[in-house]
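Note: the block below is my_file-v4.cif and it holds mmCIF, N, CA and C atoms and all ligand atoms.
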data_target
loop_
_atom_site.label_atom_id
_atom_site.label_comp_id
_atom_site.auth_asym_id
_atom_site.auth_seq_id
_atom_site.Cartn_x
_atom_site.Cartn_y
_atom_site.Cartn_z
N MET A 1 0.85 -1.20 0.00
CA MET A 1 0.00 0.00 0.00
C MET A 1 0.88 1.25 0.00
N GLU A 2 0.57 2.15 -0.88
CA GLU A 2 1.44 3.31 -1.16
C GLU A 2 1.84 4.10 0.09
N ASP A 3 0.83 4.52 0.87
CA ASP A 3 1.10 5.45 1.97
C ASP A 3 1.30 4.78 3.33
N CYS A 4 1.24 3.46 3.36
CA CYS A 4 1.33 2.76 4.65
C CYS A 4 2.77 2.75 5.15
N ILE A 5 2.94 3.19 6.39
CA ILE A 5 4.30 3.35 6.95
C ILE A 5 5.01 1.99 7.07
N PHE A 6 4.27 0.94 7.41
CA PHE A 6 4.92 -0.37 7.54
C PHE A 6 5.20 -0.97 6.16
N CYS A 7 4.36 -0.69 5.16
CA CYS A 7 4.69 -1.12 3.79
C CYS A 7 5.96 -0.42 3.33
N LYS A 8 6.13 0.83 3.73
CA LYS A 8 7.36 1.57 3.37
C LYS A 8 8.57 0.92 4.04
N ILE A 9 8.41 0.44 5.27
CA ILE A 9 9.51 -0.27 5.94
C ILE A 9 9.81 -1.56 5.19
N VAL A 10 8.76 -2.29 4.78
CA VAL A 10 8.96 -3.53 4.01
C VAL A 10 9.75 -3.23 2.73
N ARG A 11 9.41 -2.14 2.05
CA ARG A 11 10.08 -1.80 0.78
C ARG A 11 11.45 -1.15 1.00
N GLY A 12 11.81 -0.89 2.25
CA GLY A 12 13.11 -0.29 2.54
C GLY A 12 13.13 1.22 2.32
N GLU A 13 11.95 1.84 2.20
CA GLU A 13 11.90 3.30 1.98
C GLU A 13 12.06 4.07 3.30
N ILE A 14 11.77 3.37 4.41
CA ILE A 14 11.99 3.92 5.75
C ILE A 14 12.91 2.94 6.47
N PRO A 15 13.94 3.44 7.17
CA PRO A 15 14.85 2.51 7.85
C PRO A 15 14.19 1.83 9.05
N SER A 16 14.71 0.68 9.40
CA SER A 16 14.21 -0.01 10.60
C SER A 16 15.35 -0.83 11.19
N PHE A 17 15.20 -1.13 12.48
CA PHE A 17 16.16 -2.01 13.15
C PHE A 17 15.60 -3.42 13.05
N LYS A 18 15.97 -4.10 11.95
CA LYS A 18 15.40 -5.40 11.60
C LYS A 18 16.00 -6.49 12.47
N VAL A 19 15.16 -7.41 12.95
CA VAL A 19 15.71 -8.55 13.67
C VAL A 19 15.47 -9.87 12.94
N TYR A 20 14.48 -9.90 12.02
CA TYR A 20 14.16 -11.15 11.31
C TYR A 20 13.43 -10.82 10.02
N GLU A 21 13.67 -11.66 9.01
CA GLU A 21 12.96 -11.49 7.74
C GLU A 21 12.89 -12.82 7.00
N ASP A 22 11.74 -13.11 6.41
CA ASP A 22 11.66 -14.21 5.44
C ASP A 22 10.72 -13.76 4.32
N ASP A 23 10.24 -14.67 3.50
CA ASP A 23 9.44 -14.22 2.35
C ASP A 23 8.09 -13.63 2.75
N LYS A 24 7.55 -14.03 3.90
CA LYS A 24 6.22 -13.54 4.31
C LYS A 24 6.24 -12.50 5.43
N VAL A 25 7.30 -12.52 6.24
CA VAL A 25 7.27 -11.82 7.53
C VAL A 25 8.50 -10.93 7.72
N LEU A 26 8.28 -9.81 8.41
CA LEU A 26 9.39 -8.94 8.80
C LEU A 26 9.21 -8.62 10.29
N ALA A 27 10.31 -8.62 11.03
CA ALA A 27 10.26 -8.23 12.45
C ALA A 27 11.32 -7.18 12.70
N PHE A 28 10.94 -6.15 13.45
CA PHE A 28 11.87 -5.04 13.70
C PHE A 28 11.50 -4.40 15.04
N GLU A 29 12.43 -3.59 15.54
CA GLU A 29 12.22 -2.95 16.84
C GLU A 29 11.26 -1.76 16.71
N ASP A 30 10.37 -1.63 17.70
CA ASP A 30 9.49 -0.47 17.78
C ASP A 30 10.33 0.77 18.12
N ILE A 31 10.10 1.87 17.41
CA ILE A 31 10.93 3.07 17.67
C ILE A 31 10.46 3.87 18.90
N ASN A 32 9.31 3.47 19.45
CA ASN A 32 8.86 4.06 20.73
C ASN A 32 8.66 2.93 21.73
N PRO A 33 9.74 2.28 22.11
CA PRO A 33 9.57 1.03 22.87
C PRO A 33 8.97 1.24 24.26
N ILE A 34 8.03 0.36 24.60
CA ILE A 34 7.48 0.35 25.96
C ILE A 34 8.58 -0.13 26.91
N SER A 35 9.43 -1.02 26.40
CA SER A 35 10.56 -1.53 27.18
C SER A 35 11.63 -1.98 26.20
N PRO A 36 12.87 -2.18 26.65
CA PRO A 36 13.92 -2.63 25.74
C PRO A 36 13.54 -3.98 25.12
N GLY A 37 13.70 -4.09 23.81
CA GLY A 37 13.38 -5.33 23.12
C GLY A 37 11.96 -5.37 22.55
N HIS A 38 11.21 -4.27 22.70
CA HIS A 38 9.85 -4.18 22.14
C HIS A 38 9.94 -4.36 20.62
N THR A 39 9.40 -5.48 20.15
CA THR A 39 9.57 -5.90 18.76
C THR A 39 8.22 -6.01 18.07
N LEU A 40 8.15 -5.62 16.81
CA LEU A 40 6.92 -5.74 16.01
C LEU A 40 7.14 -6.80 14.94
N ILE A 41 6.14 -7.66 14.75
CA ILE A 41 6.20 -8.66 13.68
C ILE A 41 5.04 -8.36 12.73
N ILE A 42 5.36 -8.20 11.44
CA ILE A 42 4.32 -7.81 10.48
C ILE A 42 4.35 -8.73 9.26
N PRO A 43 3.20 -8.83 8.56
CA PRO A 43 3.21 -9.52 7.26
C PRO A 43 3.79 -8.56 6.22
N LYS A 44 4.55 -9.11 5.26
CA LYS A 44 5.07 -8.24 4.21
C LYS A 44 3.94 -7.75 3.31
N ARG A 45 2.94 -8.62 3.14
CA ARG A 45 1.76 -8.26 2.34
C ARG A 45 0.83 -7.42 3.20
N HIS A 46 0.40 -6.27 2.69
CA HIS A 46 -0.44 -5.38 3.51
C HIS A 46 -1.77 -6.04 3.88
N ALA A 47 -2.10 -5.99 5.15
CA ALA A 47 -3.44 -6.33 5.65
C ALA A 47 -3.65 -5.44 6.86
N ARG A 48 -4.85 -4.89 6.99
CA ARG A 48 -5.07 -3.88 8.03
C ARG A 48 -5.04 -4.49 9.44
N ASP A 49 -5.71 -5.61 9.60
CA ASP A 49 -5.94 -6.11 10.97
C ASP A 49 -6.32 -7.58 10.93
N LEU A 50 -6.71 -8.10 12.08
CA LEU A 50 -7.05 -9.52 12.19
C LEU A 50 -8.27 -9.88 11.35
N TRP A 51 -9.13 -8.89 11.07
CA TRP A 51 -10.27 -9.16 10.21
C TRP A 51 -9.82 -9.41 8.76
N GLU A 52 -8.70 -8.82 8.41
CA GLU A 52 -8.31 -8.78 7.00
C GLU A 52 -7.17 -9.74 6.65
N ILE A 53 -6.33 -10.08 7.61
CA ILE A 53 -5.09 -10.80 7.27
C ILE A 53 -5.38 -12.24 6.79
N PRO A 54 -4.75 -12.66 5.69
CA PRO A 54 -4.94 -14.03 5.23
C PRO A 54 -4.35 -15.05 6.22
N ASP A 55 -4.97 -16.23 6.27
CA ASP A 55 -4.56 -17.26 7.23
C ASP A 55 -3.07 -17.58 7.14
N GLU A 56 -2.55 -17.68 5.92
CA GLU A 56 -1.14 -18.12 5.80
C GLU A 56 -0.18 -17.07 6.38
N ASP A 57 -0.52 -15.78 6.26
CA ASP A 57 0.34 -14.75 6.83
C ASP A 57 0.22 -14.73 8.36
N LEU A 58 -1.01 -14.92 8.84
CA LEU A 58 -1.22 -14.98 10.29
C LEU A 58 -0.44 -16.15 10.90
N THR A 59 -0.52 -17.29 10.25
CA THR A 59 0.21 -18.48 10.72
C THR A 59 1.70 -18.20 10.74
N ALA A 60 2.20 -17.62 9.65
CA ALA A 60 3.64 -17.35 9.55
C ALA A 60 4.09 -16.42 10.69
N ILE A 61 3.32 -15.38 10.95
CA ILE A 61 3.67 -14.42 12.01
C ILE A 61 3.73 -15.11 13.37
N HIS A 62 2.74 -15.94 13.65
CA HIS A 62 2.70 -16.54 14.97
C HIS A 62 3.75 -17.64 15.15
N LEU A 63 4.11 -18.31 14.05
CA LEU A 63 5.21 -19.28 14.16
C LEU A 63 6.54 -18.54 14.37
N VAL A 64 6.71 -17.43 13.67
CA VAL A 64 7.93 -16.62 13.85
C VAL A 64 7.98 -16.04 15.27
N SER A 65 6.81 -15.73 15.83
CA SER A 65 6.80 -15.15 17.20
C SER A 65 7.43 -16.12 18.20
N LYS A 66 7.28 -17.43 17.95
CA LYS A 66 7.90 -18.40 18.86
C LYS A 66 9.42 -18.34 18.77
N ARG A 67 9.93 -18.15 17.57
CA ARG A 67 11.39 -18.05 17.40
C ARG A 67 11.91 -16.77 18.04
N ILE A 68 11.18 -15.69 17.82
CA ILE A 68 11.67 -14.40 18.33
C ILE A 68 11.57 -14.33 19.85
N ILE A 69 10.50 -14.89 20.41
CA ILE A 69 10.38 -14.85 21.88
C ILE A 69 11.50 -15.67 22.53
N ARG A 70 11.90 -16.74 21.83
CA ARG A 70 13.06 -17.53 22.33
C ARG A 70 14.33 -16.69 22.29
N ALA A 71 14.51 -15.96 21.19
CA ALA A 71 15.71 -15.13 21.03
C ALA A 71 15.71 -14.00 22.07
N ILE A 72 14.52 -13.43 22.33
CA ILE A 72 14.41 -12.37 23.35
C ILE A 72 14.81 -12.93 24.71
N LYS A 73 14.37 -14.16 24.98
CA LYS A 73 14.72 -14.79 26.26
C LYS A 73 16.24 -14.95 26.38
N THR A 74 16.85 -15.42 25.31
CA THR A 74 18.31 -15.61 25.33
C THR A 74 19.03 -14.28 25.46
N ALA A 75 18.57 -13.29 24.69
CA ALA A 75 19.31 -12.03 24.61
C ALA A 75 19.09 -11.14 25.83
N LEU A 76 17.85 -11.13 26.35
CA LEU A 76 17.49 -10.12 27.36
C LEU A 76 17.10 -10.70 28.72
N ASN A 77 16.93 -12.02 28.79
CA ASN A 77 16.54 -12.67 30.05
C ASN A 77 15.35 -11.98 30.72
N PRO A 78 14.24 -11.79 29.99
CA PRO A 78 13.10 -11.06 30.58
C PRO A 78 12.41 -11.88 31.66
N THR A 79 11.67 -11.17 32.52
CA THR A 79 10.87 -11.88 33.51
C THR A 79 9.51 -12.27 32.92
N GLY A 80 9.18 -11.73 31.74
CA GLY A 80 7.95 -12.08 31.03
C GLY A 80 7.90 -11.31 29.72
N VAL A 81 7.06 -11.77 28.80
CA VAL A 81 6.88 -11.06 27.52
C VAL A 81 5.38 -11.01 27.23
N ALA A 82 4.86 -9.80 27.01
CA ALA A 82 3.45 -9.65 26.62
C ALA A 82 3.37 -9.63 25.09
N CYS A 83 2.46 -10.44 24.54
CA CYS A 83 2.20 -10.44 23.10
C CYS A 83 0.87 -9.71 22.93
N VAL A 84 0.91 -8.59 22.22
CA VAL A 84 -0.27 -7.72 22.13
C VAL A 84 -0.54 -7.39 20.67
N GLN A 85 -1.82 -7.38 20.32
CA GLN A 85 -2.16 -7.07 18.93
C GLN A 85 -3.49 -6.33 18.94
N LEU A 86 -3.48 -5.10 18.41
CA LEU A 86 -4.64 -4.22 18.48
C LEU A 86 -5.35 -4.17 17.13
N ASN A 87 -6.68 -4.13 17.19
CA ASN A 87 -7.49 -4.09 15.97
C ASN A 87 -8.49 -2.95 16.03
N GLY A 88 -8.31 -1.98 15.15
CA GLY A 88 -9.28 -0.89 15.03
C GLY A 88 -8.97 0.27 15.94
N PRO A 89 -9.42 1.47 15.54
CA PRO A 89 -9.14 2.67 16.32
C PRO A 89 -9.69 2.60 17.75
N GLY A 90 -10.79 1.91 17.95
CA GLY A 90 -11.37 1.79 19.29
C GLY A 90 -10.46 1.03 20.24
N ALA A 91 -9.57 0.20 19.67
CA ALA A 91 -8.59 -0.54 20.48
C ALA A 91 -7.23 0.14 20.45
N ASN A 92 -7.23 1.41 19.96
CA ASN A 92 -5.98 2.20 19.87
C ASN A 92 -4.98 1.65 18.87
N GLN A 93 -5.46 0.96 17.83
CA GLN A 93 -4.53 0.60 16.75
C GLN A 93 -4.19 1.89 16.01
N VAL A 94 -2.91 2.23 15.98
CA VAL A 94 -2.48 3.48 15.37
C VAL A 94 -2.00 3.26 13.94
N VAL A 95 -1.24 2.19 13.72
CA VAL A 95 -0.75 1.89 12.36
C VAL A 95 -1.65 0.82 11.74
N PRO A 96 -2.36 1.16 10.66
CA PRO A 96 -3.34 0.22 10.10
C PRO A 96 -2.69 -0.81 9.16
N HIS A 97 -1.67 -1.48 9.67
CA HIS A 97 -1.03 -2.62 8.98
C HIS A 97 -0.80 -3.63 10.10
N TYR A 98 -1.39 -4.82 9.99
CA TYR A 98 -1.35 -5.81 11.07
C TYR A 98 0.04 -5.90 11.69
N HIS A 99 0.12 -5.89 13.02
CA HIS A 99 1.40 -6.10 13.68
C HIS A 99 1.17 -6.72 15.05
N LEU A 100 2.04 -7.67 15.35
CA LEU A 100 2.03 -8.30 16.67
C LEU A 100 3.17 -7.69 17.47
N HIS A 101 2.83 -7.12 18.64
CA HIS A 101 3.86 -6.57 19.53
C HIS A 101 4.39 -7.69 20.44
N LEU A 102 5.69 -7.78 20.58
CA LEU A 102 6.29 -8.60 21.64
C LEU A 102 6.97 -7.61 22.60
N VAL A 103 6.45 -7.55 23.82
CA VAL A 103 6.93 -6.55 24.77
C VAL A 103 7.52 -7.25 25.99
N PRO A 104 8.87 -7.29 26.07
CA PRO A 104 9.49 -7.95 27.22
C PRO A 104 9.50 -7.06 28.46
N ARG A 105 9.41 -7.70 29.59
CA ARG A 105 9.68 -6.96 30.84
C ARG A 105 11.05 -7.44 31.32
N VAL A 106 11.99 -6.52 31.29
CA VAL A 106 13.35 -6.90 31.64
C VAL A 106 13.50 -6.90 33.16
N PRO A 107 14.45 -7.69 33.68
CA PRO A 107 14.61 -7.75 35.14
C PRO A 107 14.78 -6.35 35.74
N GLY A 108 14.00 -6.07 36.76
CA GLY A 108 14.09 -4.76 37.43
C GLY A 108 13.27 -3.69 36.74
N GLY A 109 12.69 -4.00 35.58
CA GLY A 109 11.91 -3.01 34.84
C GLY A 109 10.53 -2.81 35.44
N PRO A 110 9.87 -1.68 35.09
CA PRO A 110 8.54 -1.42 35.64
C PRO A 110 7.50 -2.37 35.05
N GLU A 111 6.35 -2.44 35.69
CA GLU A 111 5.25 -3.27 35.20
C GLU A 111 4.87 -2.82 33.79
N LEU A 112 4.51 -3.77 32.93
CA LEU A 112 4.12 -3.41 31.57
C LEU A 112 2.69 -2.87 31.57
N PRO A 113 2.48 -1.63 31.07
CA PRO A 113 1.12 -1.09 31.09
C PRO A 113 0.13 -1.95 30.30
N VAL A 114 0.60 -2.59 29.23
CA VAL A 114 -0.31 -3.42 28.42
C VAL A 114 -0.72 -4.70 29.14
N ALA A 115 -0.02 -5.03 30.22
CA ALA A 115 -0.32 -6.29 30.89
C ALA A 115 -0.97 -6.08 32.26
N ALA A 116 -1.30 -4.83 32.58
CA ALA A 116 -1.82 -4.54 33.92
C ALA A 116 -3.22 -3.93 33.83
N TRP A 117 -4.20 -4.68 34.19
CA TRP A 117 -5.53 -4.08 34.29
C TRP A 117 -6.20 -4.59 35.55
N GLU A 118 -7.16 -3.77 36.02
CA GLU A 118 -7.82 -4.08 37.28
C GLU A 118 -8.79 -5.24 37.09
N ILE A 119 -8.69 -6.22 37.96
CA ILE A 119 -9.61 -7.35 37.90
C ILE A 119 -10.87 -7.00 38.69
N LYS A 120 -12.02 -6.98 37.98
CA LYS A 120 -13.30 -6.71 38.65
C LYS A 120 -14.24 -7.86 38.33
N GLU A 121 -14.94 -8.36 39.32
CA GLU A 121 -15.83 -9.49 39.09
C GLU A 121 -16.91 -9.13 38.09
N GLY A 122 -17.17 -10.02 37.12
CA GLY A 122 -18.16 -9.74 36.09
C GLY A 122 -19.56 -10.17 36.47
N ASP A 123 -20.52 -9.73 35.66
CA ASP A 123 -21.93 -10.13 35.80
C ASP A 123 -22.11 -11.41 35.00
N MET A 124 -22.30 -12.54 35.68
CA MET A 124 -22.32 -13.85 35.01
C MET A 124 -23.44 -13.94 33.97
N GLY A 125 -24.58 -13.32 34.26
CA GLY A 125 -25.69 -13.34 33.30
C GLY A 125 -25.31 -12.63 32.01
N ALA A 126 -24.68 -11.45 32.17
CA ALA A 126 -24.27 -10.67 30.99
C ALA A 126 -23.18 -11.41 30.20
N ILE A 127 -22.26 -12.05 30.95
CA ILE A 127 -21.17 -12.79 30.28
C ILE A 127 -21.76 -13.95 29.47
N GLN A 128 -22.71 -14.66 30.09
CA GLN A 128 -23.32 -15.80 29.40
C GLN A 128 -24.06 -15.34 28.14
N GLN A 129 -24.76 -14.22 28.27
CA GLN A 129 -25.52 -13.71 27.12
C GLN A 129 -24.57 -13.31 25.97
N THR A 130 -23.48 -12.64 26.32
CA THR A 130 -22.51 -12.23 25.30
C THR A 130 -21.87 -13.44 24.65
N ALA A 131 -21.52 -14.44 25.48
CA ALA A 131 -20.93 -15.68 24.93
C ALA A 131 -21.89 -16.30 23.93
N GLY A 132 -23.18 -16.29 24.27
CA GLY A 132 -24.19 -16.86 23.38
C GLY A 132 -24.25 -16.11 22.05
N ARG A 133 -24.14 -14.79 22.10
CA ARG A 133 -24.19 -13.99 20.86
C ARG A 133 -22.99 -14.29 19.97
N ILE A 134 -21.80 -14.40 20.59
CA ILE A 134 -20.59 -14.69 19.79
C ILE A 134 -20.66 -16.11 19.23
N ALA A 135 -21.07 -17.06 20.07
CA ALA A 135 -21.17 -18.45 19.61
C ALA A 135 -22.16 -18.57 18.46
N ALA A 136 -23.27 -17.84 18.56
CA ALA A 136 -24.28 -17.88 17.48
C ALA A 136 -23.72 -17.28 16.20
N ALA A 137 -22.95 -16.19 16.33
CA ALA A 137 -22.33 -15.58 15.14
C ALA A 137 -21.32 -16.53 14.51
N LEU A 138 -20.61 -17.28 15.37
CA LEU A 138 -19.63 -18.25 14.85
C LEU A 138 -20.32 -19.35 14.06
N LYS A 139 -21.50 -19.78 14.53
CA LYS A 139 -22.23 -20.84 13.81
C LYS A 139 -22.60 -20.38 12.41
N GLY A 140 -22.85 -19.09 12.28
CA GLY A 140 -23.25 -18.55 10.98
C GLY A 140 -22.06 -18.18 10.08
N SER A 141 -20.81 -18.45 10.57
CA SER A 141 -19.64 -18.09 9.75
C SER A 141 -18.87 -19.34 9.35
N SER A 142 -17.94 -19.18 8.40
CA SER A 142 -17.19 -20.36 7.96
C SER A 142 -15.93 -20.52 8.81
P1 LIG A 201 -0.45 0.18 17.49
O1 LIG A 201 -1.02 1.14 18.47
O2 LIG A 201 -0.94 0.47 16.08
O3 LIG A 201 -0.63 -1.25 17.89
O4 LIG A 201 1.11 0.42 17.52
C1 LIG A 201 1.85 0.98 16.50
C2 LIG A 201 3.30 0.92 16.91
O5 LIG A 201 4.10 1.25 15.81
C3 LIG A 201 3.65 1.91 18.03
O6 LIG A 201 4.17 1.19 19.14
C4 LIG A 201 4.68 2.83 17.40
O7 LIG A 201 5.70 3.17 18.28
C5 LIG A 201 5.21 1.99 16.25
N1 LIG A 201 5.67 2.78 15.12
C6 LIG A 201 5.01 3.80 14.52
N2 LIG A 201 5.73 4.28 13.48
C7 LIG A 201 6.87 3.53 13.43
C8 LIG A 201 8.01 3.56 12.57
O8 LIG A 201 8.15 4.35 11.64
N3 LIG A 201 8.98 2.62 12.82
C9 LIG A 201 8.88 1.72 13.84
N4 LIG A 201 9.88 0.84 14.00
N5 LIG A 201 7.82 1.68 14.67
C10 LIG A 201 6.83 2.58 14.47
ZN ZN A 202 0.92 -1.71 4.87
#

Here is the file; what I need is its structure written in the form of structure tokens.
Ligand code: 5GP
Ligand code: ZN
Amino acid sequence: MEDCIFCKIVRGEIPSFKVYEDDKVLAFEDINPISPGHTLIIPKRHARDLWEIPDEDLTAIHLVSKRIIRAIKTALNPTGVACVQLNGPGANQVVPHYHLHLVPRVPGGPELPVAAWEIKEGDMGAIQQTAGRIAAALKGSS
């Protein structure tokens, strides 16, 4: 896609700190890292989000994520790694080209904001009803 910033990175028109590349996937460091080692994994073929990405690119990204998380463990010895992927402006997706964030928490580092939310007990009736709506929608899809 002409104006997409991550497509420009794929084409080499914008520099990046690349950590991995194959025919389907590119992984590079986020330039505004939440923590050291914050890495983005993207499909080389443009797709906006999880609604749009083809299965083979999604599979490739998630298989590569296993290799990269192992490398992050070796290189940075994190106490944990959050894998985060945002879809749509309502979820604060800023770059509309699918990307999986790998965000390590390095020893002694602060809590990861993406991994910390307040646990509040839910309304079981509402949860059951919502589950029913999603399950019904799944039955109607392929
Ligand atoms: P989102 O909110 O869409 O999930 O996150 C987009 C991420 O892309 C942000 O963490 C942001 O720092 C990162 N980002 C935006 N522009 C660039 C860029 O030009 N290069 C790199 N390496 N990362 C970028
Ligand atoms: Zn793109």

*Write out as JSON, numbers by chain each polymer residue whose atoms come within 7 Å of range 57-70 of chain A, counting only N, CA and C atoms; drop sequence neighbours fewer than 3 positions from it.*
{"A": [24, 25, 41, 42, 43, 53, 54, 73, 74, 75]}

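Of the listed residues A:Glu56, A:Tyr98, A:Gly88, A:Glu21, the one whose atoms come nearest to ligand ZN 202 (chain A) is A:Tyr98, with distances taken using all atoms listed in the file.
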
*Using DSSP on the backbone coordinates, identify all residues within chain A classified as helix (DSSP H, G or I); present the result as JSON, numbers by chain.*
{"A": [5, 6, 7, 8, 9, 10, 55, 56, 57, 58, 59, 60, 61, 62, 63, 64, 65, 66, 67, 68, 69, 70, 71, 72, 73, 74, 75, 76, 89, 90, 91, 113, 114, 115, 124, 125, 126, 127, 128, 129, 130, 131, 132, 133, 134, 135, 136, 137, 138, 139]}

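These are the residues of chain A assigned strand (DSSP E or B) by DSSP from backbone coordinates: Lys18, Val19, Tyr20, Glu21, Val25, Leu26, Ala27, Phe28, Glu29, Thr39, Leu40, Ile41, Ile42, Pro43, Gly80, Val81, Ala82, Cys83, Val84, Leu100, His101, Leu102, Val103, Pro104 and Arg105 of chain A.
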
_Interatomic distance (Å, one decimal) between CA of Ile119 in chain A and CA of Leu50 in chain A_ = 25.9 Å

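The interatomic distance for the pair atom N3 of ligand LIG 201 (chain A) and CA of Met1 in chain A works out to 15.9 Å.
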
*Which residues come within 6.5 Å of Asp30 in chain A, counting all atoms listed in the file, excluding same-chain residues fewer than 4 positions away, as number ranges by chain?*
A: 37-40

I need the chosen residues saved as an mmCIF file, keeping the file's coordinate frame, with N, CA and C atoms.
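Result file result-v1.cif:
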data_model
loop_
_atom_site.group_PDB
_atom_site.id
_atom_site.type_symbol
_atom_site.label_atom_id
_atom_site.label_comp_id
_atom_site.auth_asym_id
_atom_site.auth_seq_id
_atom_site.Cartn_x
_atom_site.Cartn_y
_atom_site.Cartn_z
ATOM 1 N N GLY A 37 13.700 -4.090 23.810
ATOM 2 C CA GLY A 37 13.380 -5.330 23.120
ATOM 3 C C GLY A 37 11.960 -5.370 22.550
ATOM 4 N N HIS A 38 11.210 -4.270 22.700
ATOM 5 C CA HIS A 38 9.850 -4.180 22.140
ATOM 6 C C HIS A 38 9.940 -4.360 20.620
ATOM 7 N N THR A 39 9.400 -5.480 20.150
ATOM 8 C CA THR A 39 9.570 -5.900 18.760
ATOM 9 C C THR A 39 8.220 -6.010 18.070
ATOM 10 N N LEU A 40 8.150 -5.620 16.810
ATOM 11 C CA LEU A 40 6.920 -5.740 16.010
ATOM 12 C C LEU A 40 7.140 -6.800 14.940
#

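Of the residues listed (A:Leu86, A:Ala47, A:Ala136, A:Cys4), A:Leu86 shows the shortest atom-to-atom separation from ligand LIG 201 (chain A); distances use all atoms listed in the file.
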
*Please check which protein, DNA or RNA residues sit within 7 Å of ligand ZN 202 (chain A), counting all atoms listed in the file, and write them as number ranges by chain.*
A: 1-8, 44-48, 96-98

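Nearest-residue note for ligand LIG 201 (chain A): choosing from A:Asp123, A:Asp22, A:Glu29, A:Glu118, the minimum distance belongs to A:Glu29, counting only N, CA and C atoms and all ligand atoms.
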